[in-house]
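**Student:** Got a structure here, written out as structure tokens. Questions coming.
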Amino acid sequence: MTGVFISLLILLIFLAAYLRDDFALTLIYLVVGAYVIGTWWARRALANVEHKHRLTDHAFLGEKIQIHLDLRNKSWLPIPWLDVRETLPVDLAGPMTFRHVTSLGPHADSHFEYSLEARKRGYYPIGPTTISSGDILGLTDSVQRVSAARYVTVYPKIVSLTSVEIPSRSPQGTLRHVQPVYEDPTRVFGKREYVAGDSLRRVDWKSTATTGRLQVKLFEPSISLETLICLNLNAEDYYYRARIDSTELGIIIAASLANWIVEKGQTVGLKVNGLDPLAPGNIPQYFSPHKGKAHLIRMLETLARVEVIKESSFAAMIQQQRYRLSWGTTLLVITGQANDALLDELYQARRAGQNAVLILAGRNESTEGDREKAAFFGIPVVSILHERDMDIWRR
Amino acid sequence: MSETEFSEEIRYNEGRFRFVSYVLVVLMMTCIALTASALIYDFFPDWQSTVVALLSFAFSAEHLYSRRQFKRLIAFSPEWLIAHATEWVVIIFMVYVTVSWSHGFDSLWEHILLLGRGFFSALVYPEFLLALFLVMIIWTSTGYFAELLDEMEFEQASLALKIAGAGQTTVMPRDRLVSLTFTTGLFLVVITALVRAGVRELFHGLVAPTAVKLSLFSGGGASTLLYFVLGLALLSQTQFISLHTHWRLQEVTISRRVVERWIGYSLLFFAVLIILVGLLPTSYSLGALSAIGYVLDVLLAAFIALFDLVWFAVLKLLSLFFISQNKNSPELTPPTLSLPPELSVPPTAHPATPWLDMAKSILSWTLLLGIVIFSLIYFLRQHRDLARAIRRMPGGQWLLNVWDWLSEIFGGLRKGINQIVEVGRERLRAWRERNDVLPSRGFLSLRRLDPRRRVYYFYLALIRRGGEHGLPRASSQTPYEYASTLETALPNVDEDVRALTNSFVEARYSRRAIPAEEANLVKIAWAHIRQVLRNLKQK
């Protein structure tokens, strides 16, 4: 096409010059004008197209993510055709694609709406959005504009837990306990008659005055729970055949436990050794133990984004963290398998007055061996092969 | 609307666009016939241009209609051969009758009688043969155009894609259509140029070719111009068909508005184009074309002189041979270079307004140079091998260096102008914003101010009140520097000062929309600060 177009143009210029003829010049204007106006129109119109996404950028698993795309032509130049394409994540969109062709009049708007399903936790780009247009004669290639993607965070699955037994050595909290050593003087649950050896501080003077005999208060033992969830996402620490499922299960366990602890009004922190695409250096943020829903949501966001890492020492990470933690803190260690270095580190934590619970997530060939070794060090072990095994915390 | 109804609508729209394209093709073919007739008319003054144009119109339309019917037939089957043979017999007969009848009923009767006497001899007469030849060309060209239009349709395109297989690339039918339209246009331009140059007179050696001056629309000018306008309209239609097919193949959702508005926007485009072409200067006194034409004349004269020189040398050699044979050989005179007459400036229609002529001339020079430079750049971009070949040629490197140098200069110039414009715009914007910070006069209603201006207002109030309480803002202080001064002096409201300053900086220097809630928070912060300032005054 180019060859003919240029040949025609050269011929016309020569004819116009040689014949001094306004016919040739008019034709030059017509041909070049069609090309120039067409190109200018397409570029100018596209430059004035404004697009805006409206979407809920956070969703829980199973929720529908509604995406609204508004296009607006800011100029008086109409746009004959506008091809709008969005690259969508397969995990959310499946086979669905978003591609629409529309036309925008002067200062006109266009609105598109579609929905994605939050099928899998993760941090997903919605886009980039490619908008292309072209001249009405098709003499030039279409022009396109690519705009940055928007991101959606899908939180990990949270299994609702009811009865998780997490050891703690922090007295006087809000959780009931069975060991009388953690009696809480603020939680009076009854009275009995004084027996020799009872502390005079326990005497309830009002009841004594009423009954005429010495009465002592009975206190309910309670603990407070300060927990740090340590999640191992080092690929080599999971059985290679079930690596993807096991790491995902580990994330579900971490999210569910964090949710349960926050619901109980206790403090919980999180440390993960995976990769976080948003964090500086891709190192996931460390969350020191805190209470509250907002804190939980921040942790869930990190758990939504984290990915498996290669070659990361989990034991070394725990060693670094445990010095920051106070006495009595419980370490909930979620991993695929426990090597000697990790068990040694957990043993050292126990000796330093912290509690440690080892949670083995997913299938592993060495589960029984790990159990025996952990029992030797006095570390409780919970093995969760499948999601349904979490029912032990729901009875 | 159900899927079936939507499919029907798509089919209806495709049919509508196809019909418009066919109409355009028929009209373009008629224009070809008219331009060709203008050339033939120069040689045969009896030539009936209108009749031939009508014949072309009719047979072009007939071809478009009948090829749909004939498509069902198997190629070269007896039915196919009969159908085509009968079609051509009808065409020949109709052309014969119409051309004969165009000179009157007597002429038709005479030709019929001739036909009765001798079939072949009656058919062989120049006017009929020329008309038949032209109709054949039109008929075949219509076929080419129709074939390409059919290839662009969804059914054929999807079939072609299946045959070619995924990932195979073929030359797109639309590209071929564009080439065909422009190539045909190229021929028409040559024909029109020949007519307008007075080819008949040139043949008979009556006048110089450039001496013939015709109006814009005579000598095939109107039909050729119309051909190009219709051609561009066809390109617009086929662009839609091509895009529509492409989108349908990719299963893209197409808005109904695209279909509804396409023709309207095409018409708008052509209106703008035609107005622009109509406004641009085509005849002027200090014309750029005259200058280029003069250069061309000089080059032509030099070429003719060179040719004469060679011819003279050959004759001289031959004359030497003749001298040896015959002493009475003719005398030979050496050729002389006859330069064209000096560049004459045609008299202007408006001698009282020389500045207008000057403006027109500048515009025409700019346009012409722009077109030439645009063509060169476009051509070199498309033919990068050519640039490499030029570089290898002796002196080519030097030429390209000059080109690069010029590109650099113009690029720098363009950048400079852009920068100046940008700086000017920025200054204008800043000046406008400075003036728009707050209304300068009259009663100020806070409710009527937008959130951004309300933030400005509270910050300006802070500066004013701060100054009144012995905490003036130095002109050299940035908002943050002034905030730190206030924070030291008013530790009770340091957070409010910081919040107010941050909001002001954001409102002043960012283009982010300021929500009303933010302006309300700023108002609360300002209320705290004002209270502290009042207490300070009472103490």
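Labeling convention for the structure tokens: chains A, B, ... as they appear, residues from 1 per chain, ligands from 1 in order of appearance.
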Tell me, which residues of segment 305-367 of chain A carry DSSP strand (DSSP E or B), written as a ChimeraX atom specification?
**Tutor:** /A:307,309,330-335,355-361
**Student:** Only C-alpha atoms, please: the residues just picked out, written as an mmCIF file, in the first residue's frame.
**Tutor:**
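File produced: result.cif:
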data_model
loop_
_atom_site.group_PDB
_atom_site.id
_atom_site.type_symbol
_atom_site.label_atom_id
_atom_site.label_comp_id
_atom_site.auth_asym_id
_atom_site.auth_seq_id
_atom_site.Cartn_x
_atom_site.Cartn_y
_atom_site.Cartn_z
ATOM 1 C CA GLU A 307 4.518 -16.977 47.441
ATOM 2 C CA ILE A 309 10.553 -19.190 48.188
ATOM 3 C CA THR A 330 3.751 -19.011 72.100
ATOM 4 C CA LEU A 331 5.354 -19.805 68.777
ATOM 5 C CA LEU A 332 3.017 -21.543 66.364
ATOM 6 C CA VAL A 333 5.397 -22.974 63.819
ATOM 7 C CA ILE A 334 3.764 -24.119 60.585
ATOM 8 C CA THR A 335 6.001 -26.094 58.265
ATOM 9 C CA ASN A 355 6.108 -22.085 74.159
ATOM 10 C CA ALA A 356 6.349 -23.784 70.827
ATOM 11 C CA VAL A 357 3.823 -25.807 68.902
ATOM 12 C CA LEU A 358 4.864 -27.506 65.717
ATOM 13 C CA ILE A 359 2.164 -27.780 63.071
ATOM 14 C CA LEU A 360 3.053 -30.030 60.148
ATOM 15 C CA ALA A 361 1.063 -29.076 57.074
#
**Student:** Near Thr253 of chain B, within 10 Å and counting only C-alpha atoms, which residues show up once chain neighbours fewer than 6 positions away are dropped, as a PyMOL selection string?
**Tutor:** (chain A and resi 83+98-102) or (chain B and resi 247)
**Student:** Using only C-alpha atoms for the distances, tell me which of A:Asn364, A:Thr210, A:Thr97, A:Asn282 is nearest to chain B.
**Tutor:**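 Ranked by minimum distance to chain B, first place goes to A:Thr97.
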**Student:** Pull the closest atom pair for each residue of chain A that gets at most 7 Å from chain B, along with the distance in Å to one decimal, counting only C-alpha atoms, ordering rows by chain and then ascending residue number, as JSON lines.
**Tutor:**
{"residue": "A:Met1", "atom": "CA", "partner": "B:Ser179", "partner_atom": "CA", "distance": 5.0}
{"residue": "A:Val4", "atom": "CA", "partner": "B:Ser179", "partner_atom": "CA", "distance": 6.3}
{"residue": "A:Phe5", "atom": "CA", "partner": "B:Phe182", "partner_atom": "CA", "distance": 6.6}
{"residue": "A:Ile6", "atom": "CA", "partner": "B:Ser375", "partner_atom": "CA", "distance": 6.6}
{"residue": "A:Leu8", "atom": "CA", "partner": "B:Leu186", "partner_atom": "CA", "distance": 5.8}
{"residue": "A:Ala16", "atom": "CA", "partner": "B:Leu289", "partner_atom": "CA", "distance": 6.6}
{"residue": "A:Ala17", "atom": "CA", "partner": "B:Gly293", "partner_atom": "CA", "distance": 4.4}
{"residue": "A:Tyr18", "atom": "CA", "partner": "B:Gly293", "partner_atom": "CA", "distance": 4.8}
{"residue": "A:Leu19", "atom": "CA", "partner": "B:Thr210", "partner_atom": "CA", "distance": 5.5}
{"residue": "A:Arg20", "atom": "CA", "partner": "B:Leu289", "partner_atom": "CA", "distance": 6.2}
{"residue": "A:Asp22", "atom": "CA", "partner": "B:Thr282", "partner_atom": "CA", "distance": 5.2}
{"residue": "A:Phe23", "atom": "CA", "partner": "B:Leu216", "partner_atom": "CA", "distance": 5.2}
{"residue": "A:Leu25", "atom": "CA", "partner": "B:Thr282", "partner_atom": "CA", "distance": 6.3}
{"residue": "A:Thr26", "atom": "CA", "partner": "B:Val277", "partner_atom": "CA", "distance": 6.6}
{"residue": "A:Leu27", "atom": "CA", "partner": "B:Leu225", "partner_atom": "CA", "distance": 6.7}
{"residue": "A:Tyr29", "atom": "CA", "partner": "B:Val277", "partner_atom": "CA", "distance": 5.8}
{"residue": "A:Leu30", "atom": "CA", "partner": "B:Val277", "partner_atom": "CA", "distance": 6.2}
{"residue": "A:Gly33", "atom": "CA", "partner": "B:Leu273", "partner_atom": "CA", "distance": 6.5}
{"residue": "A:Ala34", "atom": "CA", "partner": "B:Leu273", "partner_atom": "CA", "distance": 6.6}
{"residue": "A:Pro80", "atom": "CA", "partner": "B:Trp262", "partner_atom": "CA", "distance": 6.1}
{"residue": "A:Trp81", "atom": "CA", "partner": "B:Val258", "partner_atom": "CA", "distance": 6.2}
{"residue": "A:Arg99", "atom": "CA", "partner": "B:Val252", "partner_atom": "CA", "distance": 5.7}
{"residue": "A:His100", "atom": "CA", "partner": "B:Thr253", "partner_atom": "CA", "distance": 4.9}
{"residue": "A:Val101", "atom": "CA", "partner": "B:Ile254", "partner_atom": "CA", "distance": 4.8}
{"residue": "A:Thr102", "atom": "CA", "partner": "B:Ser255", "partner_atom": "CA", "distance": 4.9}
{"residue": "A:Ser103", "atom": "CA", "partner": "B:Val258", "partner_atom": "CA", "distance": 5.0}
{"residue": "A:Ile136", "atom": "CA", "partner": "B:Ser236", "partner_atom": "CA", "distance": 5.6}
{"residue": "A:Leu137", "atom": "CA", "partner": "B:Ser236", "partner_atom": "CA", "distance": 4.3}
{"residue": "A:Gly138", "atom": "CA", "partner": "B:Gln239", "partner_atom": "CA", "distance": 5.6}
**Student:** Would you work out the distance separating atom CA of His51 of chain A from atom CA of Ala516 of chain B, expressed in Å to one decimal?
**Tutor:**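 Separation of atom CA of His51 of chain A and atom CA of Ala516 of chain B: 23.6 Å.
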